[in-house]
$ cat coords-v9.cif   # mmCIF, C-alpha atoms
data_start
loop_
_atom_site.label_atom_id
_atom_site.label_comp_id
_atom_site.auth_asym_id
_atom_site.auth_seq_id
_atom_site.Cartn_x
_atom_site.Cartn_y
_atom_site.Cartn_z
CA MET A 1 -39.96 0.99 -47.93
CA PRO A 2 -37.07 1.79 -45.58
CA ASP A 3 -35.31 -0.97 -43.74
CA ARG A 4 -36.50 -0.98 -40.10
CA ILE A 5 -33.73 -3.22 -38.76
CA PRO A 6 -30.79 -1.12 -37.50
CA ALA A 7 -27.54 -1.82 -39.20
CA ARG A 8 -24.92 -3.36 -36.94
CA ARG A 9 -21.23 -3.48 -37.42
CA PRO A 10 -19.85 -6.99 -37.08
CA HIS A 11 -18.14 -7.66 -33.76
CA SER A 12 -18.80 -4.11 -32.47
CA GLY A 13 -19.90 -5.46 -29.08
CA TRP A 14 -16.80 -7.63 -28.74
CA LEU A 15 -14.54 -4.71 -29.63
CA ALA A 16 -16.12 -2.57 -26.93
CA ILE A 17 -15.69 -5.33 -24.35
CA ALA A 18 -12.07 -5.92 -25.38
CA ALA A 19 -11.33 -2.19 -25.19
CA ALA A 20 -12.88 -2.00 -21.72
CA ILE A 21 -10.85 -4.96 -20.49
CA LEU A 22 -7.61 -3.48 -21.82
CA ALA A 23 -8.35 -0.12 -20.19
CA VAL A 24 -8.84 -1.57 -16.69
CA PRO A 25 -5.69 -1.27 -14.54
CA VAL A 26 -4.59 -4.21 -12.41
CA VAL A 27 -5.90 -2.87 -9.10
CA SER A 28 -8.61 -3.88 -6.72
CA SER A 29 -11.99 -2.21 -6.93
CA ALA A 30 -11.89 -1.33 -3.24
CA GLY A 31 -10.52 2.03 -2.17
CA ILE A 32 -8.71 3.01 0.99
CA ILE A 33 -9.92 5.31 3.73
CA ILE A 34 -8.23 6.22 6.96
CA GLU A 35 -11.05 6.66 9.44
CA ASP A 36 -12.98 9.01 7.16
CA LYS A 37 -9.94 10.72 5.64
CA PRO A 38 -9.80 10.69 1.82
CA VAL A 39 -7.78 8.03 0.05
CA SER A 40 -5.57 10.60 -1.65
CA LEU A 41 -3.86 11.33 1.66
CA ILE A 42 -1.74 8.20 1.28
CA SER A 43 -2.36 6.53 -2.06
CA ARG A 44 -4.90 6.07 -4.81
CA ASN A 45 -3.19 2.84 -5.89
CA LEU A 46 -4.55 -0.25 -4.20
CA VAL A 47 -3.04 -3.48 -5.49
CA MET A 48 -3.89 -7.02 -4.43
CA GLU A 49 -0.67 -9.00 -4.24
CA GLN A 50 -0.74 -12.65 -3.17
CA GLY A 51 -4.16 -12.00 -1.63
CA VAL A 52 -2.87 -9.07 0.44
CA PRO A 53 -4.08 -5.50 -0.15
CA CYS A 54 -1.09 -3.21 -0.74
CA ILE A 55 -0.09 0.28 -1.83
CA PRO A 56 3.22 1.27 -3.44
CA LEU A 57 5.85 1.93 -0.76
CA ALA A 58 6.86 5.03 -2.73
CA ASP A 59 3.36 6.42 -2.04
CA LEU A 60 3.94 5.93 1.70
CA ALA A 61 7.28 7.76 1.37
CA ARG A 62 5.47 10.66 -0.33
CA ALA A 63 2.83 10.68 2.43
CA LEU A 64 5.73 11.10 4.87
CA GLY A 65 7.03 13.99 2.74
CA GLY A 66 10.15 12.04 1.92
CA THR A 67 11.94 9.67 -0.37
CA LEU A 68 12.39 5.92 -0.67
CA GLN A 69 15.65 4.05 -1.16
CA VAL A 70 15.59 0.35 -1.99
CA ASP A 71 18.56 -1.90 -1.20
CA LEU A 72 17.45 -5.37 -2.30
CA PRO A 73 20.76 -7.20 -1.63
CA GLY A 74 20.95 -5.63 1.84
CA ARG A 75 17.26 -6.39 2.46
CA ARG A 76 16.75 -2.79 3.55
CA LEU A 77 14.06 -0.28 2.59
CA THR A 78 14.73 3.26 3.79
CA ILE A 79 12.23 6.11 3.93
CA THR A 80 13.78 9.46 4.71
CA PRO A 81 10.84 11.60 5.85
CA GLY A 82 10.46 15.29 5.15
CA GLN A 83 8.47 18.10 6.69
CA GLY A 84 5.63 18.33 4.18
CA GLY A 85 3.90 14.96 4.45
CA VAL A 86 0.47 14.19 5.84
CA LEU A 87 1.97 11.42 7.98
CA LYS A 88 4.60 11.82 10.66
CA ILE A 89 6.92 9.42 12.39
CA ASN A 90 6.88 9.10 16.17
CA PRO A 91 10.54 8.24 16.84
CA GLY A 92 9.87 7.34 20.50
CA SER A 93 7.64 4.43 19.51
CA PRO A 94 8.88 1.09 20.90
CA VAL A 95 8.38 -0.51 17.46
CA LEU A 96 10.91 1.89 15.89
CA THR A 97 14.03 0.90 17.74
CA ARG A 98 17.34 -0.38 16.52
CA SER A 99 17.76 -2.62 19.56
CA ASN A 100 14.78 -4.75 18.49
CA VAL A 101 16.32 -5.18 15.05
CA ALA A 102 19.74 -6.02 16.50
CA ALA A 103 18.16 -8.57 18.85
CA GLY A 104 16.30 -10.17 15.94
CA GLN A 105 19.45 -10.36 13.84
CA ALA A 106 21.42 -11.83 16.76
CA ALA A 107 18.74 -14.50 17.13
CA GLY A 108 19.29 -15.49 13.50
CA ARG A 109 16.11 -13.94 12.12
CA THR A 110 16.35 -12.81 8.55
CA GLY A 111 13.69 -10.42 7.44
CA VAL A 112 13.21 -7.14 5.73
CA MET A 113 14.34 -4.00 7.51
CA LEU A 114 12.18 -0.94 6.96
CA ARG A 115 14.01 2.14 8.20
CA LEU A 116 11.67 5.03 8.95
CA GLY A 117 13.63 8.13 9.80
CA GLY A 118 15.99 7.10 12.58
CA GLY A 119 14.10 3.98 13.64
CA ASP A 120 13.93 0.48 12.23
CA VAL A 121 11.15 -2.05 11.85
CA MET A 122 12.14 -5.61 11.02
CA THR A 123 9.53 -7.92 9.60
CA GLU A 124 9.60 -11.45 8.29
CA ASP A 125 6.01 -11.13 7.10
CA PHE A 126 5.33 -10.04 3.53
CA GLU A 127 8.97 -10.53 2.50
CA ARG A 128 8.09 -11.33 -1.13
CA ILE A 129 5.92 -8.22 -1.35
CA LEU A 130 8.47 -5.88 0.22
CA LEU A 131 11.63 -7.13 -1.51
CA ARG A 132 11.23 -6.12 -5.14
CA PRO A 133 12.47 -3.24 -7.30
CA SER A 134 9.16 -1.38 -6.79
CA PRO A 135 8.18 -2.54 -3.30
CA LEU A 136 4.63 -2.55 -2.02
CA MET A 137 3.46 -1.73 1.49
CA PRO A 138 0.96 -4.34 2.71
CA LEU A 139 -2.02 -2.66 4.37
CA PRO A 140 -1.82 -5.03 7.39
CA LEU A 141 1.75 -3.82 8.05
CA LEU A 142 0.82 -0.17 7.48
CA ALA A 143 -2.15 -0.56 9.83
CA LYS A 144 0.16 -2.05 12.48
CA LEU A 145 2.43 0.99 12.17
CA LEU A 146 -0.67 3.18 12.55
CA GLY A 147 -1.59 1.33 15.75
CA GLY A 148 -4.34 -1.05 14.64
CA THR A 149 -5.58 -3.37 11.95
CA ALA A 150 -6.77 -2.98 8.37
CA ARG A 151 -10.33 -4.04 7.72
CA LEU A 152 -12.52 -4.15 4.67
CA ASP A 153 -15.81 -2.28 5.05
CA PRO A 154 -18.05 -4.18 2.62
CA SER A 155 -20.81 -1.56 2.78
CA LYS A 156 -18.44 1.07 1.32
CA ASN A 157 -16.13 -1.34 -0.53
CA MET A 158 -13.23 0.43 1.21
CA TRP A 159 -10.27 -0.63 3.29
CA VAL A 160 -10.23 1.19 6.61
CA LEU A 161 -6.98 1.92 8.45
CA PRO A 162 -6.46 3.47 11.89
CA HIS A 163 -5.33 7.10 12.21
CA GLY A 164 -2.34 6.54 14.50
CA GLY A 165 -1.59 8.30 17.76
CA PRO A 166 1.32 9.56 19.86
CA GLY A 167 2.35 6.04 20.96
CA ASP A 168 2.19 4.54 17.46
CA PRO A 169 5.10 4.52 14.97
CA LEU A 170 3.07 6.54 12.41
CA ALA A 171 0.28 9.08 12.79
CA PHE A 172 -1.40 11.83 10.82
CA ARG A 173 -0.19 15.38 11.34
#

$ encode --input "coords-v9.cif" --output "structure tokens"
Amino acid sequence: MPDRIPARRPHSGWLAIAAAILAVPVVSSAGIIIEDKPVSLISRNLVMEQGVPCIPLADLARALGGTLQVDLPGRRLTITPGQGGVLKINPGSPVLTRSNVAAGQAAGRTGVMLRLGGGDVMTEDFERILLRPSPLMPLPLLAKLLGGTARLDPSKNMWVLPHGGPGDPLAFR
């Protein structure tokens, strides 16, 4: 009479669980949308860092069609935009001015300077996230540059960012 109990390999369930855990990247399960635009426009890499949702700053540089330079000792992050990105910089924005940065430095503020094209944004927030060899862009800061706030839409499990407009530092083309 044949054996009716299926043969099991020892620890096969544990091996599958261990393999699944090792294959999961260290990213949040939530995606990013920009008011119904697909996530791939800016980044597919959402990382939770110190409880703050972030994307790699290099991904933002690519979305601007440009490159990123990191000067950690000088506390300066520079994105040189290009023509082919899905985002554009609005150089006339009051946030992107060198006078604001100079005034902050004269007042003794020490922060991180993010240079976007010809304009500068100085921030003391998120310093530990921004100042690293592979810096991250916190979604709250990116949303501020896009003229609004980042919010989590629990029904879609997605972070929603504003689209930016002519008076905002960044906007979609």

$ closest_residue --input "coords-v9.cif" --among "A:Leu131, A:Leu161, A:Val70, A:Leu96" --to "Ile42 (chain A)" --atoms "all atoms listed in the file"
A:Leu161

$ closest_residue --input "coords-v9.cif" --among "A:Ile89, A:Pro162, A:Val95, A:Val112" --to "Pro135 (chain A)" --atoms "only C-alpha atoms"
A:Val112

$ residues_near_point --input "coords-v9.cif" --point "(-0.9, 7.3, -3.7)" --cutoff "10 Å" --atoms "all atoms listed in the file" --output "ChimeraX atom specification"
/A:39-46,55-63

$ residues_around --input "coords-v9.cif" --residues "region 78-82 of chain A" --least-positions-apart "3" --cutoff "7 Å" --atoms "all atoms listed in the file" --output "VMD selection string"
chain A and resid 61 64 to 70 85 114 to 117

$ atom_distance --input "coords-v9.cif" --atom1 "CA of Val52 (chain A)" --atom2 "CA of Ile129 (chain A)"
9.0 Å

$ residues_around --input "coords-v9.cif" --residues "Gly147 (chain A)" --least-positions-apart "4" --cutoff "8 Å" --atoms "only C-alpha atoms" --output "number ranges by chain"
A: 143, 162-165, 168-170

$ atom_distance --input "coords-v9.cif" --atom1 "CA of Ala150 (chain A)" --atom2 "CA of Pro53 (chain A)"
9.3 Å

$ atom_distance --input "coords-v9.cif" --atom1 "CA of Thr123 (chain A)" --atom2 "CA of Leu141 (chain A)"
8.9 Å

$ decode --input "coords-v9.cif" --residues "region 38-56 of chain A" --atoms "N, CA, C and O atoms" --output "short mmCIF file (atom, residue, chain, number, x, y, z; two decimals), in the first residue's frame"
data_model
loop_
_atom_site.label_atom_id
_atom_site.label_comp_id
_atom_site.auth_asym_id
_atom_site.auth_seq_id
_atom_site.Cartn_x
_atom_site.Cartn_y
_atom_site.Cartn_z
N PRO A 38 3.13 58.85 -12.55
CA PRO A 38 3.77 57.61 -12.07
C PRO A 38 5.04 57.86 -11.27
O PRO A 38 5.74 58.84 -11.48
N VAL A 39 5.33 56.94 -10.37
CA VAL A 39 6.49 57.05 -9.50
C VAL A 39 7.79 57.13 -10.28
O VAL A 39 8.74 57.76 -9.87
N SER A 40 7.86 56.50 -11.42
CA SER A 40 9.12 56.44 -12.16
C SER A 40 9.56 57.81 -12.66
O SER A 40 10.70 57.96 -13.10
N LEU A 41 8.69 58.81 -12.59
CA LEU A 41 9.10 60.14 -13.03
C LEU A 41 10.22 60.71 -12.16
O LEU A 41 11.04 61.46 -12.64
N ILE A 42 10.24 60.37 -10.90
CA ILE A 42 11.29 60.88 -10.02
C ILE A 42 12.15 59.75 -9.50
O ILE A 42 13.35 59.76 -9.65
N SER A 43 11.55 58.76 -8.87
CA SER A 43 12.33 57.69 -8.27
C SER A 43 11.45 56.49 -7.98
O SER A 43 10.28 56.64 -7.65
N ARG A 44 12.03 55.32 -8.07
CA ARG A 44 11.35 54.10 -7.63
C ARG A 44 11.89 53.67 -6.28
O ARG A 44 11.49 52.64 -5.76
N ASN A 45 12.79 54.43 -5.71
CA ASN A 45 13.50 54.04 -4.49
C ASN A 45 13.04 54.88 -3.31
O ASN A 45 13.53 55.97 -3.10
N LEU A 46 12.11 54.37 -2.55
CA LEU A 46 11.65 55.05 -1.35
C LEU A 46 12.32 54.39 -0.15
O LEU A 46 12.25 53.19 0.02
N VAL A 47 12.99 55.19 0.66
CA VAL A 47 13.72 54.70 1.81
C VAL A 47 13.23 55.46 3.04
O VAL A 47 13.10 56.69 3.00
N MET A 48 12.96 54.74 4.11
CA MET A 48 12.63 55.40 5.37
C MET A 48 13.92 55.57 6.15
O MET A 48 14.61 54.60 6.44
N GLU A 49 14.27 56.79 6.45
CA GLU A 49 15.50 57.11 7.17
C GLU A 49 15.14 57.96 8.37
O GLU A 49 14.62 59.07 8.22
N GLN A 50 15.40 57.45 9.56
CA GLN A 50 15.10 58.16 10.81
C GLN A 50 13.63 58.57 10.86
O GLN A 50 13.28 59.64 11.32
N GLY A 51 12.76 57.71 10.32
CA GLY A 51 11.33 57.96 10.32
C GLY A 51 10.86 58.92 9.26
O GLY A 51 9.70 59.32 9.26
N VAL A 52 11.74 59.32 8.35
CA VAL A 52 11.41 60.28 7.30
C VAL A 52 11.46 59.56 5.95
O VAL A 52 12.46 58.93 5.62
N PRO A 53 10.40 59.66 5.14
CA PRO A 53 10.45 59.06 3.81
C PRO A 53 11.39 59.87 2.91
O PRO A 53 11.34 61.10 2.88
N CYS A 54 12.26 59.16 2.19
CA CYS A 54 13.28 59.82 1.37
C CYS A 54 13.45 59.07 0.04
O CYS A 54 13.09 57.91 -0.08
N ILE A 55 14.04 59.78 -0.92
CA ILE A 55 14.51 59.16 -2.16
C ILE A 55 15.98 59.55 -2.31
O ILE A 55 16.42 60.54 -1.73
N PRO A 56 16.76 58.79 -3.08
CA PRO A 56 18.15 59.20 -3.30
C PRO A 56 18.21 60.56 -4.00
O PRO A 56 17.46 60.82 -4.95
#
